[in-house]
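*Asks:* My file is target.cif. It has mmCIF, C-alpha atoms:
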data_coords
#
loop_
_atom_site.group_PDB
_atom_site.id
_atom_site.type_symbol
_atom_site.label_atom_id
_atom_site.label_comp_id
_atom_site.auth_asym_id
_atom_site.auth_seq_id
_atom_site.Cartn_x
_atom_site.Cartn_y
_atom_site.Cartn_z
ATOM 1 C CA MET A 1 91.240 112.627 59.271
ATOM 2 C CA ARG A 2 94.556 112.286 61.045
ATOM 3 C CA HIS A 3 95.989 109.849 63.565
ATOM 4 C CA PRO A 4 98.745 110.740 66.061
ATOM 5 C CA LEU A 5 100.864 107.786 64.906
ATOM 6 C CA GLU A 6 101.145 109.451 61.493
ATOM 7 C CA ALA A 7 103.541 111.888 63.183
ATOM 8 C CA ILE A 8 106.161 109.115 63.329
ATOM 9 C CA PRO A 9 108.432 109.717 60.330
ATOM 10 C CA HIS A 10 108.101 107.026 57.661
ATOM 11 C CA GLY A 11 111.758 106.084 58.065
ATOM 12 C CA LYS A 12 111.298 105.419 61.790
ATOM 13 C CA ARG A 13 107.984 103.557 61.712
ATOM 14 C CA LEU A 14 109.625 100.189 61.137
ATOM 15 C CA VAL A 15 111.904 100.672 64.157
ATOM 16 C CA VAL A 16 108.972 101.709 66.360
ATOM 17 C CA PHE A 17 106.938 98.772 65.034
ATOM 18 C CA LEU A 18 109.738 96.279 65.712
ATOM 19 C CA VAL A 19 110.289 97.585 69.264
ATOM 20 C CA LEU A 20 106.551 97.341 69.975
ATOM 21 C CA LEU A 21 106.496 93.860 68.430
ATOM 22 C CA ALA A 22 109.382 92.703 70.637
ATOM 23 C CA VAL A 23 107.712 94.052 73.802
ATOM 24 C CA PHE A 24 104.405 92.530 72.677
ATOM 25 C CA LEU A 25 106.008 89.104 72.237
ATOM 26 C CA ILE A 26 107.768 89.273 75.610
ATOM 27 C CA ILE A 27 104.546 90.189 77.426
ATOM 28 C CA THR A 28 102.548 87.597 75.464
ATOM 29 C CA ILE A 29 105.010 84.888 76.490
ATOM 30 C CA GLY A 30 104.845 86.161 80.084
ATOM 31 C CA PHE A 31 101.070 85.707 80.115
ATOM 32 C CA ARG A 32 101.536 81.990 79.447
ATOM 33 C CA PHE A 33 103.187 81.667 82.850
ATOM 34 C CA ILE A 34 101.020 83.848 85.067
ATOM 35 C CA GLY A 35 97.351 83.144 84.429
ATOM 36 C CA PRO A 36 95.249 80.317 85.827
ATOM 37 C CA ALA A 37 95.221 77.278 83.560
ATOM 38 C CA GLU A 38 91.684 75.914 83.641
ATOM 39 C CA PRO A 39 89.318 77.641 83.448
ATOM 40 C CA ASN A 40 91.553 80.296 81.962
ATOM 41 C CA ILE A 41 91.317 84.068 82.034
ATOM 42 C CA LEU A 42 89.561 84.136 78.638
ATOM 43 C CA ASP A 43 86.800 81.945 80.072
ATOM 44 C CA PHE A 44 86.479 84.463 82.909
ATOM 45 C CA GLU A 45 86.370 87.438 80.518
ATOM 46 C CA LEU A 46 83.562 85.855 78.495
ATOM 47 C CA ALA A 47 81.569 84.363 81.406
ATOM 48 C CA GLY A 48 78.707 86.825 80.894
ATOM 49 C CA THR A 49 76.495 85.616 83.741
ATOM 50 C CA ASN A 50 76.685 85.623 87.511
ATOM 51 C CA ASP A 51 76.381 81.816 87.588
ATOM 52 C CA ARG A 52 79.188 81.215 85.092
ATOM 53 C CA ALA A 53 81.495 83.742 86.784
ATOM 54 C CA THR A 54 80.814 82.062 90.138
ATOM 55 C CA GLN A 55 81.548 78.621 88.635
ATOM 56 C CA ILE A 56 84.895 79.867 87.318
ATOM 57 C CA ILE A 57 85.922 81.475 90.594
ATOM 58 C CA ASN A 58 84.859 78.366 92.533
ATOM 59 C CA ALA A 59 86.927 76.199 90.165
ATOM 60 C CA TRP A 60 90.051 78.174 91.078
ATOM 61 C CA ASP A 61 91.996 77.535 94.246
ATOM 62 C CA MET A 62 93.590 80.456 96.102
ATOM 63 C CA GLN A 63 96.759 80.304 93.979
ATOM 64 C CA ASP A 64 94.685 80.436 90.770
ATOM 65 C CA ARG A 65 92.789 83.457 92.099
ATOM 66 C CA ILE A 66 96.036 85.229 92.920
ATOM 67 C CA ARG A 67 97.343 84.384 89.457
ATOM 68 C CA ALA A 68 94.122 85.680 87.881
ATOM 69 C CA GLY A 69 94.442 88.941 89.820
ATOM 70 C CA PHE A 70 98.079 89.320 88.817
ATOM 71 C CA ASN A 71 97.134 88.561 85.205
ATOM 72 C CA LEU A 72 94.481 91.299 85.248
ATOM 73 C CA GLY A 73 96.956 93.799 86.669
ATOM 74 C CA PHE A 74 99.726 92.783 84.258
ATOM 75 C CA ASP A 75 97.249 93.280 81.412
ATOM 76 C CA TYR A 76 97.378 97.050 82.030
ATOM 77 C CA LEU A 77 100.995 96.962 80.776
ATOM 78 C CA TYR A 78 99.890 94.994 77.736
ATOM 79 C CA MET A 79 97.043 97.304 76.676
ATOM 80 C CA PRO A 80 99.104 100.232 75.366
ATOM 81 C CA VAL A 81 101.541 97.857 73.684
ATOM 82 C CA TYR A 82 99.137 95.665 71.697
ATOM 83 C CA SER A 83 96.796 98.539 70.889
ATOM 84 C CA THR A 84 99.571 100.803 69.622
ATOM 85 C CA LEU A 85 101.271 97.971 67.734
ATOM 86 C CA ILE A 86 98.118 97.084 65.804
ATOM 87 C CA ALA A 87 97.102 100.762 65.467
ATOM 88 C CA LEU A 88 100.497 101.484 63.912
ATOM 89 C CA ALA A 89 99.985 98.595 61.491
ATOM 90 C CA CYS A 90 96.589 100.083 60.556
ATOM 91 C CA VAL A 91 98.064 103.567 60.100
ATOM 92 C CA TRP A 92 100.833 102.111 57.954
ATOM 93 C CA GLY A 93 98.203 100.155 56.017
ATOM 94 C CA ALA A 94 96.184 103.339 55.516
ATOM 95 C CA SER A 95 99.237 104.989 53.968
ATOM 96 C CA VAL A 96 99.554 102.087 51.515
ATOM 97 C CA MET A 97 95.940 102.187 50.362
ATOM 98 C CA ALA A 98 95.142 104.220 47.260
ATOM 99 C CA SER A 99 91.426 104.580 47.953
ATOM 100 C CA ARG A 100 90.317 107.385 50.273
ATOM 101 C CA LYS A 101 87.710 105.058 51.848
ATOM 102 C CA TRP A 102 90.343 102.420 52.635
ATOM 103 C CA ARG A 103 92.667 105.082 54.034
ATOM 104 C CA THR A 104 89.895 106.432 56.268
ATOM 105 C CA THR A 105 89.044 102.885 57.361
ATOM 106 C CA GLY A 106 92.662 102.267 58.380
ATOM 107 C CA LEU A 107 92.863 105.484 60.355
ATOM 108 C CA LEU A 108 89.528 104.778 62.063
ATOM 109 C CA LEU A 109 90.777 101.324 62.978
ATOM 110 C CA GLY A 110 93.937 102.927 64.362
ATOM 111 C CA TRP A 111 91.718 104.917 66.725
ATOM 112 C CA GLY A 112 89.586 101.819 67.254
ATOM 113 C CA LEU A 113 92.548 99.875 68.589
ATOM 114 C CA TRP A 114 93.039 102.465 71.294
ATOM 115 C CA ALA A 115 89.323 102.147 72.032
ATOM 116 C CA ALA A 116 89.918 98.377 72.312
ATOM 117 C CA ALA A 117 92.465 99.062 75.056
ATOM 118 C CA LEU A 118 89.885 101.202 76.876
ATOM 119 C CA PHE A 119 87.330 98.386 76.590
ATOM 120 C CA ASP A 120 90.008 96.047 77.966
ATOM 121 C CA ALA A 121 90.585 98.381 80.927
ATOM 122 C CA VAL A 122 86.857 98.555 81.741
ATOM 123 C CA GLU A 123 86.591 94.785 81.339
ATOM 124 C CA ASN A 124 89.445 94.280 83.797
ATOM 125 C CA VAL A 125 87.878 96.581 86.376
ATOM 126 C CA ALA A 126 84.670 94.519 86.187
ATOM 127 C CA LEU A 127 86.661 91.274 86.493
ATOM 128 C CA ILE A 128 88.620 92.593 89.474
ATOM 129 C CA VAL A 129 85.354 93.535 91.210
ATOM 130 C CA ILE A 130 84.067 90.005 90.554
ATOM 131 C CA LEU A 131 87.323 88.368 91.643
ATOM 132 C CA PHE A 132 87.315 90.256 94.951
ATOM 133 C CA GLY A 133 83.819 89.161 95.865
ATOM 134 C CA THR A 134 81.035 90.992 94.046
ATOM 135 C CA VAL A 135 79.637 88.461 91.601
ATOM 136 C CA ALA A 136 76.566 90.451 90.646
ATOM 137 C CA ALA A 137 75.088 92.197 87.653
ATOM 138 C CA PRO A 138 76.233 94.156 85.767
ATOM 139 C CA TYR A 139 79.885 93.094 86.206
ATOM 140 C CA PRO A 140 79.962 89.735 84.337
ATOM 141 C CA GLN A 141 77.839 91.178 81.533
ATOM 142 C CA MET A 142 79.968 94.335 81.343
ATOM 143 C CA ALA A 143 83.164 92.286 81.173
ATOM 144 C CA GLN A 144 81.738 90.079 78.426
ATOM 145 C CA VAL A 145 80.506 92.987 76.272
ATOM 146 C CA CYS A 146 83.815 94.825 76.660
ATOM 147 C CA ALA A 147 85.762 91.641 75.808
ATOM 148 C CA ILE A 148 83.695 91.044 72.673
ATOM 149 C CA LEU A 149 84.138 94.662 71.538
ATOM 150 C CA LYS A 150 87.874 94.502 72.311
ATOM 151 C CA PHE A 151 88.417 91.270 70.408
ATOM 152 C CA GLY A 152 86.254 92.472 67.518
ATOM 153 C CA LEU A 153 88.335 95.628 67.099
ATOM 154 C CA ILE A 154 91.574 93.656 67.390
ATOM 155 C CA VAL A 155 90.467 91.191 64.702
ATOM 156 C CA LEU A 156 89.316 94.003 62.383
ATOM 157 C CA GLY A 157 92.652 95.782 62.848
ATOM 158 C CA LEU A 158 94.652 92.633 62.172
ATOM 159 C CA VAL A 159 92.606 91.799 59.074
ATOM 160 C CA PHE A 160 92.996 95.342 57.733
ATOM 161 C CA ALA A 161 96.757 95.295 58.359
ATOM 162 C CA ALA A 162 97.083 91.886 56.680
ATOM 163 C CA VAL A 163 95.096 93.014 53.620
ATOM 164 C CA ALA A 164 97.211 96.176 53.392
ATOM 165 C CA ALA A 165 100.415 94.133 53.666
ATOM 166 C CA VAL A 166 99.300 91.801 50.866
ATOM 167 C CA MET A 167 98.327 94.771 48.679
ATOM 168 C CA TYR A 168 101.687 96.411 49.378
ATOM 169 C CA LEU A 169 103.601 93.259 48.439
ATOM 170 C CA VAL A 170 101.512 92.732 45.283
ATOM 171 C CA ARG A 171 102.119 96.337 44.162
ATOM 172 C CA LYS A 172 105.811 96.054 44.960
ATOM 173 C CA SER A 173 106.194 92.819 42.979
ATOM 174 C CA THR A 174 104.150 94.248 40.077
ATOM 175 C CA ARG A 175 106.472 97.294 39.886
ATOM 176 C CA ARG A 176 109.539 95.048 39.741
ATOM 177 C CA ALA A 177 108.090 92.966 36.897
#
Taking this structure as input, can you express it in the form of C-alpha cells?

*Replies:*
Amino acid sequence: MRHPLEAIPHGKRLVVFLVLLAVFLIITIGFRFIGPAEPNILDFELAGTNDRATQIINAWDMQDRIRAGFNLGFDYLYMPVYSTLIALACVWGASVMASRKWRTTGLLLGWGLWAAALFDAVENVALIVILFGTVAAPYPQMAQVCAILKFGLIVLGLVFAAVAAVMYLVRKSTRRA
C-alpha cells in the first residue's frame, strides 16, 4: 500500500510538516475569534436531534448565527490543512515502524485523515442547511455522525503519530547508548 504523501522526499518532509503546522496554528487561533461562544460550534456539530439543534440556534442572536456561518465556511480552509498535517505525521510514523502491520496501519490512517476532512465537509453542509432554516431529519443526525467519525479518525491519527514519535525517540536514544 502506498500513500501520496510518501512522494515527499524524506529530507523535505520536516519542512512541509512545519509549514502545515504553522498554517494549522494560525487557523486554529483564528477560530477562537470567529465562532459563537455559547453554545459553541462543537455543541452544534454534536446536537444530533432536531430539538437540540433548534435550541442551539434559538440561543444564538443574529450576530452569533452570522459567526457560526462564517465559522462553517472558514472550516473549509482548515480541512485540507489539519487532515494533511496529521496524515503526514501518520505517513512519517509508518516509515518509522518496523512491523508491516504497523506500517499498513499508519498508511491507512493517512488515508483516513483525508476521509475525516470529507466527513467534516458533509457535516458542514448539514449544519449550513440547519443554520439557514431546515431543522429537520436527517441533517442534525448526519452532522453528528460525521462529526463523531471525523473526531474518531483525528484521535486515532494523533495517537498513532504520538506512539510512532515515542518509538522513534526510544530507538534513537538506544542507538546512542

*Asks:* Nearest residue to A:Trp60 out of A:Thr104, A:Gly35, A:Pro4, A:Phe24, using only C-alpha atoms?

*Replies:*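 Residue with the minimum atom-to-atom distance to A:Trp60: A:Gly35.
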
*Asks:* What's the separation between atom CA of A:Arg13 and atom CA of A:Leu88, in Å to one decimal place?

*Replies:*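 Result for atom CA of A:Arg13 versus atom CA of A:Leu88: 8.1 Å, one decimal.
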
*Asks:* Go ahead and compute the interatomic distance for atom CA of A:Glu38 and atom CA of A:Leu127, in Å to one decimal.

*Replies:*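 It comes out at 16.4 Å.
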
*Asks:* When you count only C-alpha atoms, which of these residues is closest to A:Gly157: A:Ala89, A:Phe33, A:Val16, A:Ala94?

*Replies:*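 Of A:Ala89, A:Phe33, A:Val16, A:Ala94, the one nearest A:Gly157 is A:Ala89, counting only C-alpha atoms.
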
*Asks:* On this structure, the PyMOL selection byres ((chain A and resi 146) around 12) would catch which residues? List them as JSON, numbers by chain, sorted by chain and number.

*Replies:* {"A": [45, 46, 47, 48, 115, 116, 117, 118, 119, 120, 121, 122, 123, 124, 125, 126, 127, 138, 139, 140, 141, 142, 143, 144, 145, 147, 148, 149, 150, 151, 152, 153]}

*Asks:* Counting all atoms listed in the file, note down every residue that has an atom within 12 Å of the point (100.3, 97.4, 79.2) (file coordinates), as a ChimeraX atom specification.

*Replies:* /A:20,23-24,26-28,31,71-85,114,117-118,120-121

*Asks:* Between A:Phe132, A:Phe17, A:Trp111, A:Trp102, single out the one closest to A:Arg2, counting only C-alpha atoms.

*Replies:*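 When distances to A:Arg2 are compared using only C-alpha atoms, the smallest one comes from A:Trp111.
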
*Asks:* Taking only C-alpha atoms into account, name the residue in A:Ile130, A:Ile8, A:Ala87, A:Leu108 that is nearest to A:Arg65.

*Replies:*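 Result for the nearest residue to A:Arg65: A:Ile130.
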
*Asks:* Written as a compact mmCIF listing (two decimals) with C-alpha atoms, in the coordinates of the input, which residues does the PyMOL selection byres ((chain A and resi 55) around 12) give for the file shown?

*Replies:*
# COMPACT_ATOMS: atom_id res chain seq x y z
CA GLU A 38 91.68 75.91 83.64
CA PRO A 39 89.32 77.64 83.45
CA ASP A 43 86.80 81.94 80.07
CA PHE A 44 86.48 84.46 82.91
CA ALA A 47 81.57 84.36 81.41
CA GLY A 48 78.71 86.82 80.89
CA THR A 49 76.50 85.62 83.74
CA ASN A 50 76.68 85.62 87.51
CA ASP A 51 76.38 81.82 87.59
CA ARG A 52 79.19 81.22 85.09
CA ALA A 53 81.50 83.74 86.78
CA THR A 54 80.81 82.06 90.14
CA ILE A 56 84.90 79.87 87.32
CA ILE A 57 85.92 81.47 90.59
CA ASN A 58 84.86 78.37 92.53
CA ALA A 59 86.93 76.20 90.16
CA TRP A 60 90.05 78.17 91.08
CA ASP A 61 92.00 77.54 94.25
CA ILE A 130 84.07 90.00 90.55
CA LEU A 131 87.32 88.37 91.64
CA VAL A 135 79.64 88.46 91.60

*Asks:* So how far away is atom CA of A:Lys12 from atom CA of A:Arg100, in Å?

*Replies:*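 The value is 24.0 Å.
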
*Asks:* Looking at only C-alpha atoms, which of A:Pro36, A:Gly110, A:Gly133, A:Pro9 is the one that sits closest to A:Ile86?

*Replies:* A:Gly110

*Asks:* Could you check the closest approach to A:Glu6 for each of A:Gln63, A:Ile34, A:Gly69, A:Trp92 and tell me which residue wins, using only C-alpha atoms?

*Replies:*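 The closest residue to A:Glu6 is A:Trp92.
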
*Asks:* Please enumerate the residues selected by the PyMOL selection byres ((chain A and resi 96) around 9) when evaluated against the supplied file, formatted as a list in words.

*Replies:*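 So the PyMOL selection byres ((chain A and resi 96) around 9) ends up selecting Val91, Trp92, Gly93, Ala94, Ser95, Met97, Ala98, Arg103, Ala164, Ala165, Met167 and Tyr168 of chain A.
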